[in-house]
Amino acid sequence: MNTTNKHPQTIWIVFTITVLLLWSSIMYITYQSFLNSKASYLDLQLKTFEGEVDSTLKTYETFSNYIHSEINRDAFVLKSLYEANTAPENRKAQLRSSLYNYLLENYENMQKYDFRQLHFHLPSTESFLRMHSPSKYGDLLFDIRESVRIANEREIYVSGFEEGRIYNGFRYVYPLRYKEMHIGSVEVSISSASVLSVLSELYPKENFYFIIKKAVVNEKVFEDQTVNYIDSFISDDYYADIDVSSNSRVHNQKLGEYETELINTVRSQCAPDLSDNKSFALLIHFRNQYYVVKFHAIDNIANKPVAYLISFSKNDDYKTIQNGFYKQAVLITLFSIMIVAFGWTTANYQRKLRNASQRDHLTHLYNRHMFAELSMKELRRLNRYGYDACIMMMDIDHFKKINDTFGHDGGDQALVDLSNLVANNIRESDIFARWGGEEFIFMLPHTSKDEALVLAEKIRKLIAECDAGILQHITVSIGVSDVNPNCKNLETSINSADEALYQAKENGRNRVCCD
């Protein structure tokens, strides 16, 4: 028997799935927006750090230009270098010694301003005088120092980071002329420690580090100068400059009792990006605290990535971005739940309205109106395909006695129990409805009159033999009529079944009759 309508349930399922898909789509878009905000935030942090480094280097470059201008006006320096170009080795040694002594005081003043090197070269790129290491001279730098080669070959100013035979650093190399002749070059350079010192003073809440590729150092540095380097804590492929590391230890804040664990976390997360040799920034979450780690890639004069300047700091700004995402996610979820709840409430209300218009309020069987609608649909199919169908009318015998004996509540319960008993013993395709009062009606598609009589007798006997509750006091009379496949409505068949029901009552009740 058709007692439920699955179409509204299907609509409700589709509606719920649609809301869930919409929620998933909006959450995905929101999450992608959050990731973009995170990436933009890290990109801004990185660009800010790169700007800070560039600004610091510009300041040192301005100072180095001043040093160069002073050297370029110093006749003693220029004459010494001019003569060294053609002097024999013993004379070159004298010139080197006198120039060293002449410039020593100025060099010591330069060191106070964080300049690390003052280095003179001959046009052939031969190292003439290293003020930072006067005992190291005479080596050709053509294949070692790109900046020195370019400055002397092209006679142009060259600046940038470069690895050296003793130190690495940010170098400013100037060609020198005397008597309209190119006589070599002078290099002024600063250590990365100088840059980090300035940054530490400007940004005391950040820790700064410097690392350089081992392969680069091992290729260029004098063997006896490798003691200036130690393994970096960031990567096995990079060294840390001892002087720079010492400077970092002085200026950097302590990272707390979990410093080693934190550093290992950074080490593991930065490894993939380090291999790309590009600038990048990481957001590290460690023990309920966020840290931003910025890696500023440093290219040498030949535009090859060789080192990194690193900024490391606690960060609370990111929590604002994260909390914003969480709030959006919660609001979207709550709104989606409200839509589903509203849809469920509306669907439930509509279902109740639909049931009220289609169902008998007591037995929950189809009512008379719904029976007429469903049976007419079945009649149209019958007219089209020409199969058998029957109408049955059923009435409870002496129902007034039931009400008088058990009261109206008992009578109502009898109607409910009878409806459930019959509904559980007919087919899904049979249409069973309450016709009015204690009278019920059936539309039986694909059923001949003989089959309908068998079913009617089965139902009558089932009720008559029932010994449960009030049903044990009930019997029914049933009238059966077949349906003419060419009829336009069921009025004739219903009237015939009603007449057969009347005949069953006239014949003594608790029986089945047909037209």
# chains A, B, ... in the order shown; residues from 1 in each chain; ligands from 1
$ closest_atom_pairs --of "stretch 239-340 of chain A" --to "stretch 174-191 of chain A" --cutoff "12 Å" --atoms "only C-alpha atoms" --output "JSON lines"
{"residue": "A:Asp241", "atom": "CA", "partner": "A:Ser191", "partner_atom": "CA", "distance": 9.5}
{"residue": "A:Ile242", "atom": "CA", "partner": "A:Ser191", "partner_atom": "CA", "distance": 11.2}
{"residue": "A:Asp243", "atom": "CA", "partner": "A:Ser191", "partner_atom": "CA", "distance": 8.6}
{"residue": "A:Val244", "atom": "CA", "partner": "A:Ser191", "partner_atom": "CA", "distance": 7.5}
{"residue": "A:Ser245", "atom": "CA", "partner": "A:Ser191", "partner_atom": "CA", "distance": 11.3}
{"residue": "A:Asn247", "atom": "CA", "partner": "A:Ser191", "partner_atom": "CA", "distance": 10.6}
{"residue": "A:Leu309", "atom": "CA", "partner": "A:Ser191", "partner_atom": "CA", "distance": 11.8}
$ select_by_dssp --residues "stretch 141-215 of chain A" --states "strand (DSSP E)" --output "PDB file with all heavy atoms, in the first residue's frame"
ATOM      1  N   VAL A 158      82.745  48.376  -9.851  1.00  0.00           N
ATOM      2  CA  VAL A 158      82.004  47.131  -9.665  1.00  0.00           C
ATOM      3  C   VAL A 158      81.658  46.985  -8.176  1.00  0.00           C
ATOM      4  O   VAL A 158      82.510  47.219  -7.313  1.00  0.00           O
ATOM      5  CB  VAL A 158      82.828  45.903 -10.108  1.00  0.00           C
ATOM      6  CG1 VAL A 158      82.009  44.621  -9.933  1.00  0.00           C
ATOM      7  CG2 VAL A 158      83.278  46.044 -11.554  1.00  0.00           C
ATOM      8  N   SER A 159      80.419  46.592  -7.904  1.00  0.00           N
ATOM      9  CA  SER A 159      80.026  46.373  -6.511  1.00  0.00           C
ATOM     10  C   SER A 159      79.175  45.123  -6.408  1.00  0.00           C
ATOM     11  O   SER A 159      78.520  44.711  -7.374  1.00  0.00           O
ATOM     12  CB  SER A 159      79.248  47.576  -5.971  1.00  0.00           C
ATOM     13  OG  SER A 159      78.019  47.714  -6.652  1.00  0.00           O
ATOM     14  N   GLY A 160      79.181  44.525  -5.228  1.00  0.00           N
ATOM     15  CA  GLY A 160      78.359  43.345  -4.983  1.00  0.00           C
ATOM     16  C   GLY A 160      79.039  42.401  -4.017  1.00  0.00           C
ATOM     17  O   GLY A 160      80.155  42.633  -3.563  1.00  0.00           O
ATOM     18  N   PHE A 161      78.337  41.307  -3.711  1.00  0.00           N
ATOM     19  CA  PHE A 161      78.902  40.317  -2.796  1.00  0.00           C
ATOM     20  C   PHE A 161      79.854  39.407  -3.556  1.00  0.00           C
ATOM     21  O   PHE A 161      79.617  39.036  -4.697  1.00  0.00           O
ATOM     22  CB  PHE A 161      77.782  39.477  -2.169  1.00  0.00           C
ATOM     23  CG  PHE A 161      78.270  38.469  -1.175  1.00  0.00           C
ATOM     24  CD1 PHE A 161      78.473  38.822   0.147  1.00  0.00           C
ATOM     25  CD2 PHE A 161      78.568  37.173  -1.570  1.00  0.00           C
ATOM     26  CE1 PHE A 161      78.940  37.891   1.074  1.00  0.00           C
ATOM     27  CE2 PHE A 161      79.034  36.239  -0.656  1.00  0.00           C
ATOM     28  CZ  PHE A 161      79.222  36.608   0.672  1.00  0.00           C
ATOM     29  N   GLU A 162      80.934  39.029  -2.862  1.00  0.00           N
ATOM     30  CA  GLU A 162      81.900  38.137  -3.511  1.00  0.00           C
ATOM     31  C   GLU A 162      82.715  37.392  -2.456  1.00  0.00           C
ATOM     32  O   GLU A 162      83.050  37.937  -1.401  1.00  0.00           O
ATOM     33  CB  GLU A 162      82.830  38.929  -4.427  1.00  0.00           C
ATOM     34  CG  GLU A 162      83.617  38.062  -5.380  1.00  0.00           C
ATOM     35  CD  GLU A 162      84.356  38.890  -6.409  1.00  0.00           C
ATOM     36  OE1 GLU A 162      84.669  40.070  -6.118  1.00  0.00           O
ATOM     37  OE2 GLU A 162      84.631  38.378  -7.504  1.00  0.00           O
ATOM     38  N   GLY A 169      82.547  39.080   1.477  1.00  0.00           N
ATOM     39  CA  GLY A 169      81.992  40.366   1.879  1.00  0.00           C
ATOM     40  C   GLY A 169      81.324  41.096   0.732  1.00  0.00           C
ATOM     41  O   GLY A 169      81.317  40.648  -0.420  1.00  0.00           O
ATOM     42  N   PHE A 170      80.735  42.229   1.081  1.00  0.00           N
ATOM     43  CA  PHE A 170      80.128  43.117   0.079  1.00  0.00           C
ATOM     44  C   PHE A 170      81.225  44.079  -0.364  1.00  0.00           C
ATOM     45  O   PHE A 170      81.758  44.849   0.434  1.00  0.00           O
ATOM     46  CB  PHE A 170      78.941  43.857   0.688  1.00  0.00           C
ATOM     47  CG  PHE A 170      77.812  42.930   1.054  1.00  0.00           C
ATOM     48  CD1 PHE A 170      77.717  42.397   2.340  1.00  0.00           C
ATOM     49  CD2 PHE A 170      76.859  42.565   0.121  1.00  0.00           C
ATOM     50  CE1 PHE A 170      76.694  41.535   2.687  1.00  0.00           C
ATOM     51  CE2 PHE A 170      75.815  41.706   0.461  1.00  0.00           C
ATOM     52  CZ  PHE A 170      75.732  41.185   1.743  1.00  0.00           C
ATOM     53  N   ARG A 171      81.554  44.025  -1.633  1.00  0.00           N
ATOM     54  CA  ARG A 171      82.751  44.685  -2.139  1.00  0.00           C
ATOM     55  C   ARG A 171      82.397  45.849  -3.061  1.00  0.00           C
ATOM     56  O   ARG A 171      81.445  45.775  -3.840  1.00  0.00           O
ATOM     57  CB  ARG A 171      83.634  43.679  -2.860  1.00  0.00           C
ATOM     58  CG  ARG A 171      83.932  42.442  -1.997  1.00  0.00           C
ATOM     59  CD  ARG A 171      84.775  41.441  -2.730  1.00  0.00           C
ATOM     60  NE  ARG A 171      84.951  40.206  -1.963  1.00  0.00           N
ATOM     61  CZ  ARG A 171      85.868  40.019  -1.021  1.00  0.00           C
ATOM     62  NH1 ARG A 171      86.712  41.005  -0.717  1.00  0.00           N
ATOM     63  NH2 ARG A 171      85.954  38.858  -0.385  1.00  0.00           N
ATOM     64  N   TYR A 172      83.233  46.874  -2.961  1.00  0.00           N
ATOM     65  CA  TYR A 172      83.128  48.050  -3.825  1.00  0.00           C
ATOM     66  C   TYR A 172      84.508  48.246  -4.436  1.00  0.00           C
ATOM     67  O   TYR A 172      85.458  48.638  -3.749  1.00  0.00           O
ATOM     68  CB  TYR A 172      82.698  49.267  -3.008  1.00  0.00           C
ATOM     69  CG  TYR A 172      81.470  48.995  -2.148  1.00  0.00           C
ATOM     70  CD1 TYR A 172      81.610  48.669  -0.791  1.00  0.00           C
ATOM     71  CD2 TYR A 172      80.203  49.013  -2.693  1.00  0.00           C
ATOM     72  CE1 TYR A 172      80.503  48.385  -0.009  1.00  0.00           C
ATOM     73  CE2 TYR A 172      79.087  48.742  -1.911  1.00  0.00           C
ATOM     74  CZ  TYR A 172      79.239  48.420  -0.575  1.00  0.00           C
ATOM     75  OH  TYR A 172      78.148  48.138   0.199  1.00  0.00           O
ATOM     76  N   VAL A 173      84.655  47.935  -5.719  1.00  0.00           N
ATOM     77  CA  VAL A 173      85.959  47.930  -6.398  1.00  0.00           C
ATOM     78  C   VAL A 173      85.994  49.077  -7.411  1.00  0.00           C
ATOM     79  O   VAL A 173      85.137  49.158  -8.306  1.00  0.00           O
ATOM     80  CB  VAL A 173      86.216  46.582  -7.098  1.00  0.00           C
ATOM     81  CG1 VAL A 173      87.626  46.544  -7.686  1.00  0.00           C
ATOM     82  CG2 VAL A 173      86.025  45.429  -6.117  1.00  0.00           C
ATOM     83  N   TYR A 174      87.029  49.941  -7.256  1.00  0.00           N
ATOM     84  CA  TYR A 174      87.137  51.144  -8.079  1.00  0.00           C
ATOM     85  C   TYR A 174      88.411  51.100  -8.911  1.00  0.00           C
ATOM     86  O   TYR A 174      89.496  50.818  -8.378  1.00  0.00           O
ATOM     87  CB  TYR A 174      87.196  52.396  -7.193  1.00  0.00           C
ATOM     88  CG  TYR A 174      86.028  52.551  -6.240  1.00  0.00           C
ATOM     89  CD1 TYR A 174      86.043  51.920  -4.989  1.00  0.00           C
ATOM     90  CD2 TYR A 174      84.927  53.318  -6.577  1.00  0.00           C
ATOM     91  CE1 TYR A 174      84.983  52.061  -4.106  1.00  0.00           C
ATOM     92  CE2 TYR A 174      83.869  53.477  -5.688  1.00  0.00           C
ATOM     93  CZ  TYR A 174      83.898  52.844  -4.459  1.00  0.00           C
ATOM     94  OH  TYR A 174      82.858  52.993  -3.576  1.00  0.00           O
ATOM     95  N   PRO A 175      88.323  51.366 -10.207  1.00  0.00           N
ATOM     96  CA  PRO A 175      89.552  51.474 -11.014  1.00  0.00           C
ATOM     97  C   PRO A 175      90.294  52.772 -10.637  1.00  0.00           C
ATOM     98  O   PRO A 175      89.663  53.771 -10.273  1.00  0.00           O
ATOM     99  CB  PRO A 175      89.031  51.521 -12.443  1.00  0.00           C
ATOM    100  CG  PRO A 175      87.644  52.051 -12.337  1.00  0.00           C
ATOM    101  CD  PRO A 175      87.115  51.590 -11.001  1.00  0.00           C
ATOM    102  N   LEU A 176      91.619  52.761 -10.732  1.00  0.00           N
ATOM    103  CA  LEU A 176      92.437  53.930 -10.397  1.00  0.00           C
ATOM    104  C   LEU A 176      93.245  54.351 -11.609  1.00  0.00           C
ATOM    105  O   LEU A 176      93.748  53.507 -12.364  1.00  0.00           O
ATOM    106  CB  LEU A 176      93.373  53.615  -9.224  1.00  0.00           C
ATOM    107  CG  LEU A 176      92.698  53.292  -7.882  1.00  0.00           C
ATOM    108  CD1 LEU A 176      93.747  52.840  -6.862  1.00  0.00           C
ATOM    109  CD2 LEU A 176      91.927  54.492  -7.353  1.00  0.00           C
ATOM    110  N   ARG A 177      93.376  55.680 -11.781  1.00  0.00           N
ATOM    111  CA  ARG A 177      94.144  56.228 -12.901  1.00  0.00           C
ATOM    112  C   ARG A 177      95.154  57.256 -12.360  1.00  0.00           C
ATOM    113  O   ARG A 177      94.902  57.962 -11.379  1.00  0.00           O
ATOM    114  CB  ARG A 177      93.223  56.900 -13.921  1.00  0.00           C
ATOM    115  CG  ARG A 177      92.252  55.930 -14.599  1.00  0.00           C
ATOM    116  CD  ARG A 177      91.419  56.635 -15.649  1.00  0.00           C
ATOM    117  NE  ARG A 177      92.228  57.089 -16.779  1.00  0.00           N
ATOM    118  CZ  ARG A 177      92.604  56.313 -17.790  1.00  0.00           C
ATOM    119  NH1 ARG A 177      92.251  55.035 -17.814  1.00  0.00           N
ATOM    120  NH2 ARG A 177      93.320  56.802 -18.774  1.00  0.00           N
ATOM    121  N   TYR A 178      96.289  57.273 -13.038  1.00  0.00           N
ATOM    122  CA  TYR A 178      97.321  58.273 -12.698  1.00  0.00           C
ATOM    123  C   TYR A 178      98.045  58.642 -13.982  1.00  0.00           C
ATOM    124  O   TYR A 178      98.471  57.753 -14.749  1.00  0.00           O
ATOM    125  CB  TYR A 178      98.307  57.704 -11.671  1.00  0.00           C
ATOM    126  CG  TYR A 178      99.348  58.679 -11.212  1.00  0.00           C
ATOM    127  CD1 TYR A 178      98.997  59.768 -10.413  1.00  0.00           C
ATOM    128  CD2 TYR A 178     100.688  58.519 -11.574  1.00  0.00           C
ATOM    129  CE1 TYR A 178      99.960  60.665  -9.990  1.00  0.00           C
ATOM    130  CE2 TYR A 178     101.656  59.414 -11.151  1.00  0.00           C
ATOM    131  CZ  TYR A 178     101.281  60.494 -10.346  1.00  0.00           C
ATOM    132  OH  TYR A 178     102.253  61.390  -9.933  1.00  0.00           O
ATOM    133  N   MET A 181      96.583  57.147 -17.058  1.00  0.00           N
ATOM    134  CA  MET A 181      96.926  55.741 -17.275  1.00  0.00           C
ATOM    135  C   MET A 181      96.232  54.896 -16.201  1.00  0.00           C
ATOM    136  O   MET A 181      96.194  55.270 -15.033  1.00  0.00           O
ATOM    137  CB  MET A 181      98.445  55.567 -17.198  1.00  0.00           C
ATOM    138  CG  MET A 181      98.921  54.140 -17.304  1.00  0.00           C
ATOM    139  SD  MET A 181     100.737  54.075 -17.147  1.00  0.00           S
ATOM    140  CE  MET A 181     100.971  52.305 -17.104  1.00  0.00           C
ATOM    141  N   HIS A 182      95.699  53.759 -16.603  1.00  0.00           N
ATOM    142  CA  HIS A 182      95.083  52.833 -15.658  1.00  0.00           C
ATOM    143  C   HIS A 182      96.184  52.134 -14.865  1.00  0.00           C
ATOM    144  O   HIS A 182      97.058  51.475 -15.452  1.00  0.00           O
ATOM    145  CB  HIS A 182      94.238  51.786 -16.401  1.00  0.00           C
ATOM    146  CG  HIS A 182      93.638  50.745 -15.506  1.00  0.00           C
ATOM    147  ND1 HIS A 182      92.736  51.033 -14.518  1.00  0.00           N
ATOM    148  CD2 HIS A 182      93.850  49.392 -15.443  1.00  0.00           C
ATOM    149  CE1 HIS A 182      92.389  49.928 -13.891  1.00  0.00           C
ATOM    150  NE2 HIS A 182      93.059  48.896 -14.437  1.00  0.00           N
ATOM    151  N   ILE A 183      96.158  52.305 -13.549  1.00  0.00           N
ATOM    152  CA  ILE A 183      97.244  51.783 -12.724  1.00  0.00           C
ATOM    153  C   ILE A 183      96.791  50.662 -11.782  1.00  0.00           C
ATOM    154  O   ILE A 183      97.576  50.181 -10.964  1.00  0.00           O
ATOM    155  CB  ILE A 183      97.877  52.909 -11.871  1.00  0.00           C
ATOM    156  CG1 ILE A 183      96.801  53.568 -10.966  1.00  0.00           C
ATOM    157  CG2 ILE A 183      98.564  53.934 -12.760  1.00  0.00           C
ATOM    158  CD1 ILE A 183      97.376  54.549  -9.970  1.00  0.00           C
ATOM    159  N   GLY A 184      95.542  50.239 -11.895  1.00  0.00           N
ATOM    160  CA  GLY A 184      95.047  49.159 -11.046  1.00  0.00           C
ATOM    161  C   GLY A 184      93.714  49.508 -10.416  1.00  0.00           C
ATOM    162  O   GLY A 184      92.944  50.327 -10.959  1.00  0.00           O
ATOM    163  N   SER A 185      93.428  48.920  -9.251  1.00  0.00           N
ATOM    164  CA  SER A 185      92.137  49.145  -8.597  1.00  0.00           C
ATOM    165  C   SER A 185      92.301  49.059  -7.095  1.00  0.00           C
ATOM    166  O   SER A 185      93.273  48.496  -6.585  1.00  0.00           O
ATOM    167  CB  SER A 185      91.108  48.120  -9.077  1.00  0.00           C
ATOM    168  OG  SER A 185      91.560  46.808  -8.824  1.00  0.00           O
ATOM    169  N   VAL A 186      91.333  49.642  -6.418  1.00  0.00           N
ATOM    170  CA  VAL A 186      91.290  49.552  -4.966  1.00  0.00           C
ATOM    171  C   VAL A 186      89.920  49.018  -4.566  1.00  0.00           C
ATOM    172  O   VAL A 186      88.897  49.375  -5.162  1.00  0.00           O
ATOM    173  CB  VAL A 186      91.555  50.916  -4.300  1.00  0.00           C
ATOM    174  CG1 VAL A 186      90.510  51.953  -4.691  1.00  0.00           C
ATOM    175  CG2 VAL A 186      91.606  50.763  -2.780  1.00  0.00           C
ATOM    176  N   GLU A 187      89.927  48.158  -3.567  1.00  0.00           N
ATOM    177  CA  GLU A 187      88.685  47.545  -3.101  1.00  0.00           C
ATOM    178  C   GLU A 187      88.438  47.929  -1.644  1.00  0.00           C
ATOM    179  O   GLU A 187      89.328  47.841  -0.806  1.00  0.00           O
ATOM    180  CB  GLU A 187      88.788  46.026  -3.200  1.00  0.00           C
ATOM    181  CG  GLU A 187      87.648  45.285  -2.533  1.00  0.00           C
ATOM    182  CD  GLU A 187      87.930  43.803  -2.409  1.00  0.00           C
ATOM    183  OE1 GLU A 187      88.886  43.315  -3.046  1.00  0.00           O
ATOM    184  OE2 GLU A 187      87.195  43.129  -1.663  1.00  0.00           O
ATOM    185  N   VAL A 188      87.211  48.388  -1.396  1.00  0.00           N
ATOM    186  CA  VAL A 188      86.743  48.623  -0.040  1.00  0.00           C
ATOM    187  C   VAL A 188      85.620  47.624   0.189  1.00  0.00           C
ATOM    188  O   VAL A 188      84.716  47.500  -0.632  1.00  0.00           O
ATOM    189  CB  VAL A 188      86.225  50.062   0.140  1.00  0.00           C
ATOM    190  CG1 VAL A 188      85.755  50.277   1.561  1.00  0.00           C
ATOM    191  CG2 VAL A 188      87.293  51.070  -0.240  1.00  0.00           C
ATOM    192  N   SER A 189      85.665  46.896   1.295  1.00  0.00           N
ATOM    193  CA  SER A 189      84.612  45.897   1.504  1.00  0.00           C
ATOM    194  C   SER A 189      84.191  45.858   2.959  1.00  0.00           C
ATOM    195  O   SER A 189      84.937  46.262   3.857  1.00  0.00           O
ATOM    196  CB  SER A 189      85.084  44.509   1.059  1.00  0.00           C
ATOM    197  OG  SER A 189      86.066  44.009   1.922  1.00  0.00           O
ATOM    198  N   ILE A 190      82.982  45.361   3.138  1.00  0.00           N
ATOM    199  CA  ILE A 190      82.445  45.186   4.484  1.00  0.00           C
ATOM    200  C   ILE A 190      82.041  43.731   4.678  1.00  0.00           C
ATOM    201  O   ILE A 190      81.689  43.031   3.720  1.00  0.00           O
ATOM    202  CB  ILE A 190      81.225  46.098   4.747  1.00  0.00           C
ATOM    203  CG1 ILE A 190      80.098  45.787   3.747  1.00  0.00           C
ATOM    204  CG2 ILE A 190      81.609  47.555   4.730  1.00  0.00           C
ATOM    205  CD1 ILE A 190      78.786  46.445   4.089  1.00  0.00           C
ATOM    206  N   ASN A 207      66.501  38.315  15.278  1.00  0.00           N
ATOM    207  CA  ASN A 207      67.822  37.695  15.262  1.00  0.00           C
ATOM    208  C   ASN A 207      68.289  37.576  13.818  1.00  0.00           C
ATOM    209  O   ASN A 207      67.495  37.246  12.926  1.00  0.00           O
ATOM    210  CB  ASN A 207      67.779  36.303  15.903  1.00  0.00           C
ATOM    211  CG  ASN A 207      67.638  36.373  17.413  1.00  0.00           C
ATOM    212  OD1 ASN A 207      67.511  37.461  17.982  1.00  0.00           O
ATOM    213  ND2 ASN A 207      67.666  35.234  18.073  1.00  0.00           N
ATOM    214  N   PHE A 208      69.583  37.836  13.585  1.00  0.00           N
ATOM    215  CA  PHE A 208      70.112  37.831  12.231  1.00  0.00           C
ATOM    216  C   PHE A 208      71.293  36.864  12.129  1.00  0.00           C
ATOM    217  O   PHE A 208      72.113  36.757  13.051  1.00  0.00           O
ATOM    218  CB  PHE A 208      70.554  39.231  11.815  1.00  0.00           C
ATOM    219  CG  PHE A 208      69.432  40.225  11.762  1.00  0.00           C
ATOM    220  CD1 PHE A 208      69.172  41.067  12.839  1.00  0.00           C
ATOM    221  CD2 PHE A 208      68.606  40.305  10.656  1.00  0.00           C
ATOM    222  CE1 PHE A 208      68.135  41.976  12.801  1.00  0.00           C
ATOM    223  CE2 PHE A 208      67.556  41.208  10.603  1.00  0.00           C
ATOM    224  CZ  PHE A 208      67.323  42.054  11.685  1.00  0.00           C
ATOM    225  N   TYR A 209      71.368  36.176  10.973  1.00  0.00           N
ATOM    226  CA  TYR A 209      72.429  35.193  10.736  1.00  0.00           C
ATOM    227  C   TYR A 209      72.912  35.317   9.289  1.00  0.00           C
ATOM    228  O   TYR A 209      72.230  35.888   8.427  1.00  0.00           O
ATOM    229  CB  TYR A 209      71.914  33.769  10.977  1.00  0.00           C
ATOM    230  CG  TYR A 209      71.266  33.563  12.319  1.00  0.00           C
ATOM    231  CD1 TYR A 209      69.890  33.729  12.482  1.00  0.00           C
ATOM    232  CD2 TYR A 209      72.014  33.195  13.434  1.00  0.00           C
ATOM    233  CE1 TYR A 209      69.288  33.540  13.717  1.00  0.00           C
ATOM    234  CE2 TYR A 209      71.411  33.010  14.675  1.00  0.00           C
ATOM    235  CZ  TYR A 209      70.049  33.177  14.806  1.00  0.00           C
ATOM    236  OH  TYR A 209      69.444  32.999  16.028  1.00  0.00           O
ATOM    237  N   PHE A 210      74.088  34.728   9.046  1.00  0.00           N
ATOM    238  CA  PHE A 210      74.654  34.706   7.697  1.00  0.00           C
ATOM    239  C   PHE A 210      75.219  33.321   7.434  1.00  0.00           C
ATOM    240  O   PHE A 210      75.904  32.742   8.284  1.00  0.00           O
ATOM    241  CB  PHE A 210      75.761  35.746   7.568  1.00  0.00           C
ATOM    242  CG  PHE A 210      76.557  35.636   6.294  1.00  0.00           C
ATOM    243  CD1 PHE A 210      76.049  36.118   5.097  1.00  0.00           C
ATOM    244  CD2 PHE A 210      77.809  35.021   6.292  1.00  0.00           C
ATOM    245  CE1 PHE A 210      76.771  35.996   3.911  1.00  0.00           C
ATOM    246  CE2 PHE A 210      78.533  34.898   5.115  1.00  0.00           C
ATOM    247  CZ  PHE A 210      78.010  35.387   3.924  1.00  0.00           C
ATOM    248  N   ILE A 211      74.918  32.757   6.263  1.00  0.00           N
ATOM    249  CA  ILE A 211      75.482  31.470   5.864  1.00  0.00           C
ATOM    250  C   ILE A 211      75.969  31.570   4.422  1.00  0.00           C
ATOM    251  O   ILE A 211      75.436  32.350   3.625  1.00  0.00           O
ATOM    252  CB  ILE A 211      74.457  30.322   5.998  1.00  0.00           C
ATOM    253  CG1 ILE A 211      73.207  30.590   5.145  1.00  0.00           C
ATOM    254  CG2 ILE A 211      74.083  30.102   7.455  1.00  0.00           C
ATOM    255  CD1 ILE A 211      72.208  29.422   5.133  1.00  0.00           C
ATOM    256  N   ILE A 212      76.988  30.776   4.099  1.00  0.00           N
ATOM    257  CA  ILE A 212      77.564  30.798   2.756  1.00  0.00           C
ATOM    258  C   ILE A 212      77.845  29.372   2.323  1.00  0.00           C
ATOM    259  O   ILE A 212      78.184  28.507   3.150  1.00  0.00           O
ATOM    260  CB  ILE A 212      78.861  31.653   2.725  1.00  0.00           C
ATOM    261  CG1 ILE A 212      79.397  31.758   1.300  1.00  0.00           C
ATOM    262  CG2 ILE A 212      79.915  31.097   3.685  1.00  0.00           C
ATOM    263  CD1 ILE A 212      80.500  32.786   1.151  1.00  0.00           C
ATOM    264  N   LYS A 213      77.698  29.100   1.043  1.00  0.00           N
ATOM    265  CA  LYS A 213      77.853  27.745   0.527  1.00  0.00           C
ATOM    266  C   LYS A 213      79.266  27.217   0.766  1.00  0.00           C
ATOM    267  O   LYS A 213      80.259  27.892   0.493  1.00  0.00           O
ATOM    268  CB  LYS A 213      77.537  27.710  -0.970  1.00  0.00           C
ATOM    269  CG  LYS A 213      76.061  27.782  -1.300  1.00  0.00           C
ATOM    270  CD  LYS A 213      75.826  27.599  -2.789  1.00  0.00           C
ATOM    271  CE  LYS A 213      74.327  27.571  -3.099  1.00  0.00           C
ATOM    272  NZ  LYS A 213      74.087  27.399  -4.538  1.00  0.00           N
TER     273      LYS A 213
END
$ residues_around --residues "A:Leu415" --least-positions-apart "3" --cutoff "8 Å" --atoms "only C-alpha atoms" --output "ChimeraX atom specification"
/A:363,411-412,418-419,438
$ select_by_dssp --residues "stretch 4-192 of chain A" --states "helix (DSSP H, G or I)" --output "JSON, numbers by chain"
{"A": [6, 7, 8, 9, 10, 11, 12, 13, 14, 15, 16, 17, 18, 19, 20, 21, 22, 23, 24, 25, 26, 27, 28, 29, 30, 31, 32, 33, 34, 35, 36, 37, 38, 39, 40, 41, 42, 43, 44, 45, 46, 47, 48, 49, 50, 51, 52, 53, 54, 55, 56, 57, 58, 59, 60, 61, 62, 63, 64, 65, 66, 67, 68, 69, 70, 71, 72, 75, 76, 77, 78, 79, 80, 81, 82, 83, 84, 89, 90, 91, 92, 93, 94, 95, 96, 97, 98, 99, 100, 101, 102, 103, 104, 105, 106, 107, 108, 109, 110, 111, 112, 146, 147, 148, 149, 150, 151, 152, 153, 192]}
$ atom_distance --atom1 "atom CA of A:Tyr113" --atom2 "atom CA of A:Met131"
15.3 Å
$ closest_residue --among "A:Val14, A:Cys514, A:Ala302, A:Val292" --to "A:Glu206" --atoms "only C-alpha atoms"
A:Val292
$ closest_atom_pairs --of "stretch 334-422 of chain A" --to "stretch 440-450 of chain A" --cutoff "8 Å" --atoms "only C-alpha atoms" --output "Markdown table"
| residue | atom | partner | partner_atom | distance |
| --- | --- | --- | --- | --- |
| A:Ser375 | CA | A:Met443 | CA | 6.5 |
| A:Glu378 | CA | A:Pro445 | CA | 7.3 |
| A:Leu382 | CA | A:Pro445 | CA | 8.0 |
| A:Tyr387 | CA | A:His446 | CA | 5.8 |
| A:Asp388 | CA | A:His446 | CA | 4.9 |
| A:Ala389 | CA | A:Pro445 | CA | 4.4 |
| A:Cys390 | CA | A:Leu444 | CA | 5.2 |
| A:Ile391 | CA | A:Met443 | CA | 4.9 |
| A:Met392 | CA | A:Phe442 | CA | 4.9 |
| A:Met393 | CA | A:Ile441 | CA | 4.6 |
| A:Met394 | CA | A:Phe440 | CA | 5.0 |
| A:Asp395 | CA | A:Phe440 | CA | 6.3 |
$ residues_around --residues "A:Phe34" --least-positions-apart "4" --cutoff "9 Å" --atoms "only C-alpha atoms" --output "ChimeraX atom specification"
/A:29-30,38-39,321-322,324-325
$ closest_residue --among "A:Cys487, A:Leu374, A:Ala93, A:Leu21" --to "A:Ser135" --atoms "only C-alpha atoms"
A:Ala93
$ residues_around --residues "A:Ala500" --least-positions-apart "2" --cutoff "9 Å" --atoms "only C-alpha atoms" --output "NGL selection string"
:A and (393 or 478-481 or 495-498 or 502-505 or 512-515)
